[in-house]
$ cat model-v9.csv   # CSV, C-alpha atoms
chain,number,residue,atom,x,y,z
A,9,MET,CA,4.0,28.2,22.6
A,10,ASN,CA,3.9,30.9,19.8
A,11,ASP,CA,1.5,31.4,17.0
A,12,TYR,CA,3.7,29.6,14.5
A,13,SER,CA,2.9,26.3,16.1
A,14,GLU,CA,-0.8,26.8,15.6
A,15,LYS,CA,-0.3,27.9,12.0
A,16,GLY,CA,1.5,24.7,11.2
A,17,LEU,CA,-1.5,22.6,12.2
A,18,LEU,CA,-3.6,21.3,9.3
A,19,PRO,CA,-6.9,19.5,9.3
A,20,ALA,CA,-6.9,15.7,9.5
A,21,GLY,CA,-6.1,14.1,6.1
A,22,LEU,CA,-4.4,17.2,4.7
A,23,ALA,CA,-0.6,17.8,4.7
A,24,ASP,CA,2.1,20.0,3.3
A,25,MET,CA,4.3,18.2,0.7
A,26,LEU,CA,7.8,19.3,1.3
A,27,PRO,CA,11.1,18.7,-0.5
A,28,PRO,CA,12.1,16.3,-1.8
A,29,ALA,CA,8.6,14.6,-1.8
A,30,ALA,CA,7.1,17.4,-4.0
A,31,VAL,CA,9.8,17.0,-6.6
A,32,ARG,CA,9.2,13.2,-6.6
A,33,GLU,CA,5.5,13.6,-7.1
A,34,ALA,CA,6.1,16.0,-10.0
A,35,ARG,CA,8.5,13.7,-11.6
A,36,ILE,CA,6.1,10.8,-11.3
A,37,ASN,CA,3.3,12.9,-12.8
A,38,ARG,CA,5.5,13.9,-15.8
A,39,THR,CA,6.5,10.3,-16.4
A,40,LEU,CA,2.9,9.1,-16.4
A,41,MET,CA,1.7,11.9,-18.7
A,42,ASP,CA,4.5,11.2,-21.1
A,43,VAL,CA,3.6,7.5,-21.3
A,44,PHE,CA,-0.1,8.3,-21.8
A,45,ALA,CA,0.8,10.8,-24.6
A,46,GLY,CA,3.1,8.3,-26.2
A,47,ASN,CA,0.1,6.0,-26.5
A,48,GLY,CA,-2.1,8.6,-28.2
A,49,TYR,CA,-4.0,9.9,-25.2
A,50,LEU,CA,-4.7,13.7,-25.4
A,51,GLN,CA,-4.5,15.6,-22.1
A,52,VAL,CA,-7.5,17.6,-20.9
A,53,LYS,CA,-7.8,19.7,-17.7
A,54,PRO,CA,-11.3,20.1,-16.1
A,55,PRO,CA,-11.8,22.6,-13.3
A,56,LEU,CA,-11.3,21.7,-9.6
A,57,ILE,CA,-14.9,22.9,-8.8
A,58,GLU,CA,-18.1,22.9,-10.8
A,59,PHE,CA,-21.8,22.8,-10.4
A,60,GLU,CA,-22.9,20.1,-7.9
A,61,GLU,CA,-25.5,18.5,-10.1
A,62,HIS,CA,-23.0,17.9,-12.9
A,63,LEU,CA,-20.6,16.0,-10.6
A,64,LEU,CA,-23.5,14.0,-9.2
A,65,GLU,CA,-25.1,13.0,-12.5
A,66,GLY,CA,-25.5,9.3,-13.3
A,67,SER,CA,-22.6,7.4,-11.8
A,68,GLY,CA,-21.5,10.4,-9.8
A,69,ALA,CA,-24.3,9.8,-7.3
A,70,ALA,CA,-22.2,7.0,-5.7
A,71,LEU,CA,-19.6,9.7,-4.6
A,72,ALA,CA,-22.1,12.2,-3.2
A,73,SER,CA,-21.3,11.6,0.5
A,74,LYS,CA,-17.6,12.3,-0.2
A,75,MET,CA,-18.1,15.7,-1.8
A,76,PHE,CA,-17.3,19.1,-0.3
A,77,ARG,CA,-20.0,21.7,-1.3
A,78,VAL,CA,-19.9,25.5,-1.4
A,79,MET,CA,-22.4,28.1,-2.6
A,80,ASP,CA,-21.3,30.0,-5.7
A,81,PRO,CA,-21.7,33.7,-4.8
A,82,VAL,CA,-22.0,34.6,-8.5
A,83,SER,CA,-24.7,32.2,-9.7
A,84,HIS,CA,-26.1,31.4,-6.2
A,85,ARG,CA,-26.0,27.7,-7.2
A,86,MET,CA,-24.4,24.9,-5.2
A,87,MET,CA,-21.0,23.9,-6.4
A,88,GLY,CA,-19.0,20.8,-5.6
A,89,ILE,CA,-15.3,20.2,-5.3
A,90,ARG,CA,-14.4,17.1,-7.4
A,91,THR,CA,-13.8,13.8,-5.6
A,92,ASP,CA,-12.8,12.1,-8.8
A,93,ILE,CA,-11.7,13.3,-12.2
A,94,THR,CA,-13.1,10.4,-14.2
A,95,LEU,CA,-16.7,11.7,-14.2
A,96,GLN,CA,-15.5,15.1,-15.3
A,97,ILE,CA,-13.8,13.5,-18.3
A,98,ALA,CA,-17.1,11.7,-19.0
A,99,ARG,CA,-18.9,15.1,-19.0
A,100,VAL,CA,-16.3,16.6,-21.4
A,101,ALA,CA,-16.7,13.6,-23.8
A,102,THR,CA,-20.5,13.9,-23.9
A,103,THR,CA,-20.5,17.7,-24.4
A,104,ARG,CA,-17.5,19.6,-25.6
A,105,MET,CA,-16.0,16.7,-27.4
A,106,LYS,CA,-19.2,14.9,-28.5
A,107,GLN,CA,-18.3,15.3,-32.2
A,108,ASP,CA,-14.7,14.2,-31.9
A,109,PRO,CA,-14.0,10.8,-33.7
A,110,ARG,CA,-14.1,7.6,-31.7
A,111,PRO,CA,-12.3,5.9,-30.1
A,112,LEU,CA,-11.5,9.1,-28.1
A,113,ARG,CA,-8.4,8.8,-25.9
A,114,LEU,CA,-8.1,11.3,-23.2
A,115,SER,CA,-5.7,11.7,-20.2
A,116,TYR,CA,-5.7,13.8,-17.1
A,117,ALA,CA,-3.9,14.7,-13.9
A,118,GLY,CA,-4.9,16.8,-10.9
A,119,GLN,CA,-5.9,17.0,-7.3
A,120,VAL,CA,-9.1,15.7,-5.8
A,121,LEU,CA,-10.6,16.4,-2.4
A,122,ARG,CA,-12.9,14.2,-0.3
A,123,VAL,CA,-14.8,14.8,2.9
A,124,TYR,CA,-13.2,11.8,4.6
A,125,GLY,CA,-10.5,9.3,3.9
A,126,SER,CA,-10.5,5.5,4.2
A,127,GLN,CA,-8.5,3.1,6.4
A,128,LEU,CA,-6.1,2.4,3.6
A,129,ARG,CA,-6.0,6.0,2.3
A,130,PRO,CA,-6.5,8.4,5.2
A,131,GLU,CA,-5.5,11.4,3.0
A,132,ARG,CA,-8.4,13.5,2.0
A,133,GLN,CA,-6.6,15.4,-0.7
A,134,PHE,CA,-4.4,13.5,-3.2
A,135,ALA,CA,-3.3,13.6,-6.8
A,136,GLN,CA,-4.7,11.4,-9.6
A,137,ALA,CA,-3.5,10.7,-13.1
A,138,GLY,CA,-5.3,8.5,-15.6
A,139,VAL,CA,-6.9,7.9,-18.9
A,140,GLU,CA,-10.3,7.4,-20.4
A,141,LEU,CA,-11.0,5.4,-23.6
A,142,ILE,CA,-14.4,6.6,-25.0
A,143,GLY,CA,-16.4,4.7,-27.6
A,144,PRO,CA,-15.2,1.1,-28.1
A,145,SER,CA,-16.9,-1.8,-26.4
A,146,GLU,CA,-14.6,-4.5,-27.6
A,147,THR,CA,-12.5,-6.5,-25.0
A,148,SER,CA,-9.4,-5.2,-26.8
A,149,ALA,CA,-10.2,-1.8,-25.2
A,150,ASP,CA,-10.1,-3.3,-21.7
A,151,ALA,CA,-6.8,-5.1,-22.6
A,152,GLU,CA,-5.3,-1.8,-24.0
A,153,LEU,CA,-6.0,0.0,-20.7
A,154,ILE,CA,-4.5,-2.7,-18.5
A,155,LEU,CA,-1.4,-2.9,-20.6
A,156,LEU,CA,-1.1,0.9,-20.6
A,157,ALA,CA,-1.3,0.8,-16.7
A,158,ALA,CA,1.5,-1.8,-16.7
A,159,GLU,CA,3.6,0.2,-19.1
A,160,ALA,CA,3.2,3.3,-16.9
A,161,LEU,CA,4.3,1.4,-13.8
A,162,GLY,CA,7.2,0.0,-15.7
A,163,ALA,CA,8.3,3.5,-16.8
A,164,LEU,CA,8.3,4.4,-13.1
A,165,GLU,CA,10.5,1.3,-12.3
A,166,VAL,CA,7.8,-0.1,-10.1
A,167,GLU,CA,8.3,-3.8,-9.6
A,168,ASN,CA,6.3,-6.6,-7.9
A,169,PHE,CA,2.9,-5.3,-8.8
A,170,SER,CA,-0.2,-7.3,-9.7
A,171,ILE,CA,-3.5,-6.6,-11.4
A,172,ASP,CA,-6.6,-8.0,-9.9
A,173,LEU,CA,-9.5,-8.4,-12.3
A,174,THR,CA,-13.1,-8.3,-11.2
A,175,LEU,CA,-16.7,-8.4,-12.5
A,176,PRO,CA,-18.7,-6.0,-10.3
A,177,THR,CA,-21.9,-6.6,-12.4
A,178,LEU,CA,-21.6,-10.4,-12.2
A,179,VAL,CA,-23.6,-11.0,-9.0
A,180,PRO,CA,-26.4,-8.5,-9.9
A,181,THR,CA,-26.7,-10.1,-13.3
A,182,LEU,CA,-26.8,-13.6,-11.8
A,183,CYS,CA,-29.4,-12.6,-9.3
A,184,GLY,CA,-31.5,-11.0,-12.0
A,185,GLU,CA,-31.4,-14.1,-14.1
A,186,LEU,CA,-32.4,-16.3,-11.1
A,187,GLY,CA,-35.3,-14.0,-10.2
A,188,VAL,CA,-33.8,-13.0,-6.8
A,189,ASP,CA,-35.4,-9.9,-5.2
A,190,GLU,CA,-33.3,-6.7,-4.9
A,191,GLU,CA,-32.9,-6.9,-1.1
A,192,THR,CA,-31.6,-10.4,-1.2
A,193,ALA,CA,-29.4,-9.6,-4.2
A,194,ALA,CA,-27.8,-6.7,-2.4
A,195,SER,CA,-27.1,-8.7,0.7
A,196,ALA,CA,-25.6,-11.5,-1.4
A,197,ARG,CA,-23.4,-9.1,-3.2
A,198,GLU,CA,-22.2,-7.7,0.1
A,199,ALA,CA,-21.6,-11.1,1.7
A,200,LEU,CA,-19.5,-12.3,-1.3
A,201,ASP,CA,-17.5,-9.0,-1.4
A,202,HIS,CA,-16.7,-9.4,2.3
A,203,LYS,CA,-15.7,-13.1,1.7
A,204,ASP,CA,-18.4,-14.1,4.3
A,205,ALA,CA,-18.6,-17.9,3.6
A,206,ALA,CA,-21.0,-18.5,6.5
A,207,ALA,CA,-23.5,-15.9,5.2
A,208,LEU,CA,-23.5,-17.4,1.8
A,209,ASP,CA,-25.1,-20.6,3.2
A,210,ASP,CA,-28.2,-18.7,4.2
A,211,TYR,CA,-29.5,-18.2,0.6
A,212,ASP,CA,-31.5,-20.4,-1.7
A,213,ALA,CA,-29.6,-23.6,-2.5
A,214,THR,CA,-29.0,-22.7,-6.1
A,215,LEU,CA,-27.8,-19.1,-5.4
A,216,SER,CA,-25.8,-20.3,-2.4
A,217,GLN,CA,-24.0,-23.0,-4.4
A,218,ILE,CA,-23.0,-20.5,-7.1
A,219,LEU,CA,-21.9,-17.8,-4.7
A,220,THR,CA,-19.8,-20.3,-2.8
A,221,ALA,CA,-18.2,-21.4,-6.0
A,222,LEU,CA,-17.5,-17.8,-7.0
A,223,LEU,CA,-15.8,-17.2,-3.6
A,224,LYS,CA,-13.6,-20.2,-4.0
A,225,ALA,CA,-12.7,-19.2,-7.6
A,226,ALA,CA,-10.7,-16.1,-6.5
A,227,GLY,CA,-7.0,-16.5,-7.1
A,228,PRO,CA,-4.4,-16.5,-9.9
A,229,ALA,CA,-6.0,-15.9,-13.3
A,230,ASN,CA,-5.5,-19.3,-14.9
A,231,SER,CA,-6.8,-21.3,-12.0
A,232,ALA,CA,-9.6,-18.8,-11.4
A,233,LEU,CA,-10.8,-19.1,-14.9
A,234,GLU,CA,-10.8,-22.9,-14.7
A,235,ALA,CA,-12.9,-22.7,-11.6
A,236,LEU,CA,-15.3,-20.2,-13.1
A,237,GLU,CA,-15.9,-22.3,-16.3
A,238,LYS,CA,-17.0,-25.2,-14.1
A,239,ILE,CA,-19.8,-23.1,-12.5
A,240,ASP,CA,-23.2,-23.6,-14.1
A,241,LEU,CA,-24.0,-19.9,-14.7
A,242,PRO,CA,-27.1,-18.5,-16.5
A,243,GLU,CA,-26.5,-17.1,-20.0
A,244,ALA,CA,-25.8,-13.4,-19.3
A,245,ALA,CA,-23.5,-14.2,-16.3
A,246,ALA,CA,-21.7,-16.8,-18.4
A,247,GLY,CA,-21.2,-14.2,-21.1
A,248,GLN,CA,-19.4,-11.9,-18.7
A,249,VAL,CA,-17.0,-14.7,-17.7
A,250,ALA,CA,-16.4,-15.5,-21.3
A,251,ALA,CA,-15.5,-11.8,-22.0
A,252,LEU,CA,-13.1,-11.9,-18.9
A,253,LYS,CA,-11.4,-15.0,-20.3
A,254,LYS,CA,-10.9,-13.3,-23.7
A,255,VAL,CA,-9.3,-10.3,-22.0
A,256,VAL,CA,-7.0,-12.5,-20.0
A,257,ALA,CA,-5.9,-14.3,-23.2
A,258,GLN,CA,-5.1,-11.0,-24.9
A,259,LEU,CA,-3.1,-9.8,-21.9
A,260,GLN,CA,-1.1,-13.0,-21.5
A,261,GLN,CA,-0.3,-13.0,-25.2
A,262,ALA,CA,0.9,-9.4,-25.1
A,263,ALA,CA,2.6,-9.5,-21.7
A,264,PRO,CA,3.3,-13.1,-20.6
A,265,ASP,CA,5.0,-11.9,-17.4
A,266,LEU,CA,2.2,-9.7,-16.2
A,267,LYS,CA,0.9,-11.0,-12.9
A,268,LEU,CA,-2.9,-11.3,-13.0
A,269,THR,CA,-5.4,-12.4,-10.4
A,270,ILE,CA,-9.2,-12.6,-10.5
A,271,ASP,CA,-11.7,-11.9,-7.7
A,272,PRO,CA,-15.1,-12.3,-9.4
A,273,GLY,CA,-17.1,-11.0,-6.4
A,274,GLU,CA,-15.4,-7.8,-5.5
A,275,TYR,CA,-17.4,-4.6,-6.1
A,276,ARG,CA,-16.5,-2.0,-3.4
A,277,GLY,CA,-15.0,1.0,-5.1
A,278,PHE,CA,-16.6,0.0,-8.4
A,279,GLU,CA,-20.0,1.3,-7.7
A,280,TYR,CA,-20.4,3.0,-11.2
A,281,GLN,CA,-18.6,0.3,-13.2
A,282,THR,CA,-20.7,-1.6,-15.7
A,283,GLY,CA,-18.3,-4.3,-16.8
A,284,LEU,CA,-14.8,-5.7,-16.3
A,285,SER,CA,-12.8,-3.7,-13.8
A,286,PHE,CA,-9.4,-4.0,-12.2
A,287,THR,CA,-7.3,-2.9,-9.3
A,288,VAL,CA,-3.5,-2.5,-9.3
A,289,PHE,CA,-1.6,-3.5,-6.1
A,290,GLY,CA,2.0,-3.2,-5.2
A,291,ARG,CA,3.7,-5.7,-2.9
A,292,GLY,CA,4.3,-4.1,0.5
A,293,VAL,CA,2.6,-0.8,-0.5
A,294,ARG,CA,-0.3,0.6,1.5
A,295,GLY,CA,-3.4,1.3,-0.6
A,296,GLU,CA,-4.0,0.4,-4.2
A,297,LEU,CA,-1.8,1.9,-6.8
A,298,GLY,CA,-4.7,2.4,-9.1
A,299,ARG,CA,-8.1,1.1,-10.3
A,300,GLY,CA,-10.2,1.2,-13.4
A,301,GLY,CA,-12.9,-0.4,-15.4
A,302,ARG,CA,-15.8,-0.1,-17.9
A,303,TYR,CA,-18.7,2.3,-17.5
A,304,ARG,CA,-21.2,4.2,-19.5
A,305,LEU,CA,-21.5,7.9,-20.2
A,306,MET,CA,-24.7,9.8,-19.6
A,307,ASP,CA,-25.8,9.3,-23.2
A,308,GLY,CA,-25.2,5.5,-23.0
A,309,GLU,CA,-21.9,5.5,-24.8
A,310,SER,CA,-19.4,2.9,-23.8
A,311,ALA,CA,-16.3,4.0,-22.0
A,312,SER,CA,-13.5,2.5,-19.9
A,313,GLY,CA,-10.5,4.0,-18.1
A,314,PHE,CA,-8.2,3.9,-15.1
A,315,THR,CA,-6.9,6.2,-12.4
A,316,LEU,CA,-3.5,5.9,-10.7
A,317,PHE,CA,-3.1,7.4,-7.2
A,318,LEU,CA,0.2,9.4,-6.8
A,319,ASP,CA,0.3,9.1,-3.1
A,320,SER,CA,0.4,5.3,-3.3
A,321,LEU,CA,2.9,5.5,-6.2
A,322,MET,CA,5.2,7.6,-4.0
A,323,ARG,CA,5.4,4.6,-1.7
A,324,ALA,CA,6.1,2.2,-4.6
A,325,VAL,CA,8.5,4.1,-6.9
A,326,PRO,CA,12.2,3.5,-6.0
A,327,ARG,CA,13.8,6.5,-4.3
A,328,ARG,CA,16.6,8.2,-6.2
A,329,PRO,CA,19.5,9.7,-4.3
A,330,ALA,CA,19.4,13.5,-4.3
A,331,ASP,CA,22.9,13.7,-5.9
A,332,ASP,CA,22.0,15.8,-8.9
A,333,ARG,CA,22.1,19.1,-7.0
A,334,LEU,CA,25.3,20.9,-7.8
A,335,TYR,CA,26.6,23.8,-5.7
A,336,LEU,CA,28.0,26.7,-7.7
A,337,PRO,CA,30.4,28.8,-5.7
A,338,PHE,CA,29.8,32.6,-5.5
A,339,GLY,CA,30.9,34.3,-8.6
A,340,THR,CA,30.4,31.3,-11.0
A,341,GLY,CA,29.6,32.7,-14.5
A,342,LEU,CA,26.0,32.7,-15.7
A,343,ASP,CA,27.0,31.0,-19.0
A,344,GLN,CA,28.8,28.2,-17.1
A,345,GLY,CA,25.7,27.7,-14.8
A,346,TYR,CA,23.4,27.6,-17.8
A,347,ALA,CA,25.6,25.0,-19.6
A,348,LEU,CA,25.5,22.8,-16.5
A,349,ARG,CA,21.7,23.0,-16.3
A,350,GLN,CA,21.5,22.1,-20.0
A,351,ASP,CA,23.5,19.0,-19.1
A,352,GLY,CA,20.9,18.0,-16.5
A,353,TRP,CA,22.3,19.4,-13.3
A,354,LYS,CA,20.1,21.2,-10.7
A,355,THR,CA,22.3,24.1,-9.7
A,356,VAL,CA,22.3,26.0,-6.4
A,357,ALA,CA,24.2,29.2,-6.6
A,358,GLY,CA,26.1,30.8,-3.8
A,359,LEU,CA,25.0,34.3,-2.9
A,360,ALA,CA,28.0,35.3,-0.8
A,361,PRO,CA,31.8,34.3,-0.8
A,362,GLU,CA,32.3,31.0,1.0
A,363,ASP,CA,35.1,30.2,3.5
A,364,ASN,CA,34.7,26.5,2.6
A,365,ILE,CA,32.9,25.6,-0.6
A,366,GLU,CA,32.5,21.9,0.3
A,367,ALA,CA,31.0,22.7,3.7
A,368,GLU,CA,28.6,25.2,2.1
A,369,ALA,CA,27.5,22.6,-0.5
A,370,ARG,CA,26.9,20.1,2.2
A,371,ARG,CA,24.9,22.6,4.3
A,372,LEU,CA,22.6,23.3,1.3
A,373,ASN,CA,22.0,19.5,0.7
A,374,CYS,CA,23.9,19.4,-2.6
A,375,GLY,CA,25.4,16.1,-3.7
A,376,GLN,CA,28.4,17.8,-5.5
A,377,PHE,CA,30.1,21.1,-5.9
A,378,LEU,CA,32.0,23.0,-8.6
A,379,GLY,CA,35.6,23.4,-7.5
A,380,PRO,CA,38.8,24.5,-9.1
A,381,ASP,CA,39.3,21.0,-10.5
A,382,GLY,CA,35.7,20.7,-11.8
A,383,ILE,CA,32.7,18.9,-10.3
A,384,THR,CA,33.5,17.0,-7.1
A,385,LYS,CA,31.1,14.6,-5.5
A,386,LEU,CA,30.6,14.8,-1.7
A,387,SER,CA,31.4,11.6,0.2
$ encode --input "model-v9.csv" --output "structure tokens"
Amino acid sequence: MNDYSEKGLLPAGLADMLPPAAVREARINRTLMDVFAGNGYLQVKPPLIEFEEHLLEGSGAALASKMFRVMDPVSHRMMGIRTDITLQIARVATTRMKQDPRPLRLSYAGQVLRVYGSQLRPERQFAQAGVELIGPSETSADAELILLAAEALGALEVENFSIDLTLPTLVPTLCGELGVDEETAASAREALDHKDAAALDDYDATLSQILTALLKAAGPANSALEALEKIDLPEAAAGQVAALKKVVAQLQQAAPDLKLTIDPGEYRGFEYQTGLSFTVFGRGVRGELGRGGRYRLMDGESASGFTLFLDSLMRAVPRRPADDRLYLPFGTGLDQGYALRQDGWKTVAGLAPEDNIEAEARRLNCGQFLGPDGITKLS
């Protein structure tokens, strides 16, 4: 065994992205950012690493265990490598762009790094792209984001996806109104999130009855809302369900074919969300395609947004045949090559005279070659 074998070994959860995967990811990223820009979202680019305390402020504390940390040799302060870009956008909105008019629409794309992966996403480094809508608290803002996520997936030709709506603050609100202590409230939230019907029977009769009804309510949006409206909820909890119903109505009016489901008790992954949240799933695709929801900035300003995960999208976006690579035989004029690239071809130029142009094109993974009779497609 030589040294090259060892140099090719990477830590668990990290990988080289080779052709054509790197090209596909770049194309997906460009498409997403074009869709976001077309809807009025302005791109920002926060740094990969910044002071630890800034990344852990407020809602960022929920991601503390996932963060890589290093000592800054210049300031001698601890720095963290971002685990999520959303919180950085929140920092930008409350500082550098505090005076910009609201609603403030921002978009972003970049890499994140985490100490460990999950069962569904073992990758520790992956790319994110998303948007944040800063300022409005109306349900129309939630609807805009969900419709934007659907438009982005449509632009990528992703089919058979669904959007699962949830209310991560519903159970804490419910328990607060019923006077349930914090420890019991936390265990009840956990039991409902894990769909543990047996554990739900162990609580006070009133709480147990409501939690069981919430568990049974999960499903397609219309039937879930019917079930939720039959539950006798306290005022604040009922208000959250009413807001959810309003968002669903707006979505169904704007996009009748959009597949919506509701799981009122889910909260894992929404630790810093303060209102309606959602997850995007693709049929037969490992890991969620994206997730988003409502939260608050450090100064209390309302915000909402979503993140799409490019590693999952790579598994959902239809693969295109690599037939746009055009082999140019040795000696092809620069002007001719330039004109072909302007027409959309990806040209690969020969660097030495060929004995067989077709064979050389095939060897270099080109789908066609430029011959005496023009462009010829390889069989």
$ closest_residue --input "model-v9.csv" --among "A:Leu112, A:Val293, A:Ala193, A:Leu266" --to "Ile171 in chain A" --atoms "all atoms listed in the file"
A:Leu266
$ closest_atom_pairs --input "model-v9.csv" --of "range 23-102 of chain A" --to "range 294-312 of chain A" --cutoff "8 Å" --atoms "all atoms listed in the file" --output "Markdown table"
| residue | atom | partner | partner_atom | distance |
| --- | --- | --- | --- | --- |
| A:Glu65 | CA | A:Met306 | CA | 7.8 |
| A:Gly66 | CA | A:Met306 | CA | 6.4 |
| A:Ala98 | CA | A:Leu305 | CA | 5.9 |
| A:Arg99 | CA | A:Leu305 | CA | 7.7 |
| A:Thr102 | CA | A:Asp307 | CA | 7.1 |
$ atom_distance --input "model-v9.csv" --atom1 "CA of Ala151 in chain A" --atom2 "CA of Glu185 in chain A"
27.5 Å
$ residues_around --input "model-v9.csv" --residues "Lys253 in chain A" --least-positions-apart "2" --cutoff "10 Å" --atoms "all atoms listed in the file" --output "list of chain:residue names"
A:Thr147, A:Ala229, A:Asn230, A:Ala232, A:Leu233, A:Glu234, A:Leu236, A:Glu237, A:Gly247, A:Gln248, A:Val249, A:Ala250, A:Ala251, A:Val255, A:Val256, A:Ala257, A:Gln258, A:Leu259
$ residues_around --input "model-v9.csv" --residues "range 206-223 of chain A" --least-positions-apart "6" --cutoff "7 Å" --atoms "all atoms listed in the file" --output "number ranges by chain"
A: 199-200, 236, 239, 272-273
$ residues_around --input "model-v9.csv" --residues "Gly48 in chain A" --least-positions-apart "4" --cutoff "12 Å" --atoms "all atoms listed in the file" --output "PyMOL selection string"
chain A and resi 41-44+111-115+139-141+152+156
$ atom_distance --input "model-v9.csv" --atom1 "CA of Leu22 in chain A" --atom2 "CA of Ser126 in chain A"
13.2 Å
$ residues_near_point --input "model-v9.csv" --point "(12.7, 20.9, -3.2)" --cutoff "12 Å" --atoms "all atoms listed in the file" --output "mmCIF file with C-alpha atoms, in the frame of the given file"
data_model
loop_
_atom_site.group_PDB
_atom_site.id
_atom_site.type_symbol
_atom_site.label_atom_id
_atom_site.label_comp_id
_atom_site.auth_asym_id
_atom_site.auth_seq_id
_atom_site.Cartn_x
_atom_site.Cartn_y
_atom_site.Cartn_z
ATOM 1 C CA MET A 25 4.300 18.200 0.700
ATOM 2 C CA LEU A 26 7.800 19.300 1.300
ATOM 3 C CA PRO A 27 11.100 18.700 -0.500
ATOM 4 C CA PRO A 28 12.100 16.300 -1.800
ATOM 5 C CA ALA A 29 8.600 14.600 -1.800
ATOM 6 C CA ALA A 30 7.100 17.400 -4.000
ATOM 7 C CA VAL A 31 9.800 17.000 -6.600
ATOM 8 C CA ARG A 32 9.200 13.200 -6.600
ATOM 9 C CA GLU A 33 5.500 13.600 -7.100
ATOM 10 C CA ALA A 34 6.100 16.000 -10.000
ATOM 11 C CA ARG A 35 8.500 13.700 -11.600
ATOM 12 C CA ALA A 330 19.400 13.500 -4.300
ATOM 13 C CA ARG A 333 22.100 19.100 -7.000
ATOM 14 C CA LYS A 354 20.100 21.200 -10.700
ATOM 15 C CA VAL A 356 22.300 26.000 -6.400
ATOM 16 C CA LEU A 372 22.600 23.300 1.300
ATOM 17 C CA ASN A 373 22.000 19.500 0.700
ATOM 18 C CA CYS A 374 23.900 19.400 -2.600
#
$ atom_distance --input "model-v9.csv" --atom1 "CA of Leu316 in chain A" --atom2 "CA of Asp332 in chain A"
27.4 Å
$ closest_residue --input "model-v9.csv" --among "A:Gly138, A:Arg349, A:Leu164, A:Gly313" --to "Arg327 in chain A" --atoms "only C-alpha atoms"
A:Leu164
$ residues_around --input "model-v9.csv" --residues "Glu274 in chain A" --least-positions-apart "6" --cutoff "12 Å" --atoms "all atoms listed in the file" --output "PyMOL selection string"
chain A and resi 172-180+196-203+219+222-223+225-226+281+284-287
$ closest_residue --input "model-v9.csv" --among "A:Ala70, A:Ser170, A:Phe289, A:Lys385" --to "Arg276 in chain A" --atoms "all atoms listed in the file"
A:Ala70
$ residues_around --input "model-v9.csv" --residues "Ile57 in chain A" --least-positions-apart "5" --cutoff "7 Å" --atoms "only C-alpha atoms" --output "ChimeraX atom specification"
/A:87-90
$ closest_residue --input "model-v9.csv" --among "A:Ser83, A:Gln133, A:Asn364, A:Thr103" --to "Leu318 in chain A" --atoms "all atoms listed in the file"
A:Gln133
$ closest_residue --input "model-v9.csv" --among "A:Gly283, A:Glu131, A:Gly143, A:Gln376" --to "Asp24 in chain A" --atoms "all atoms listed in the file"
A:Glu131
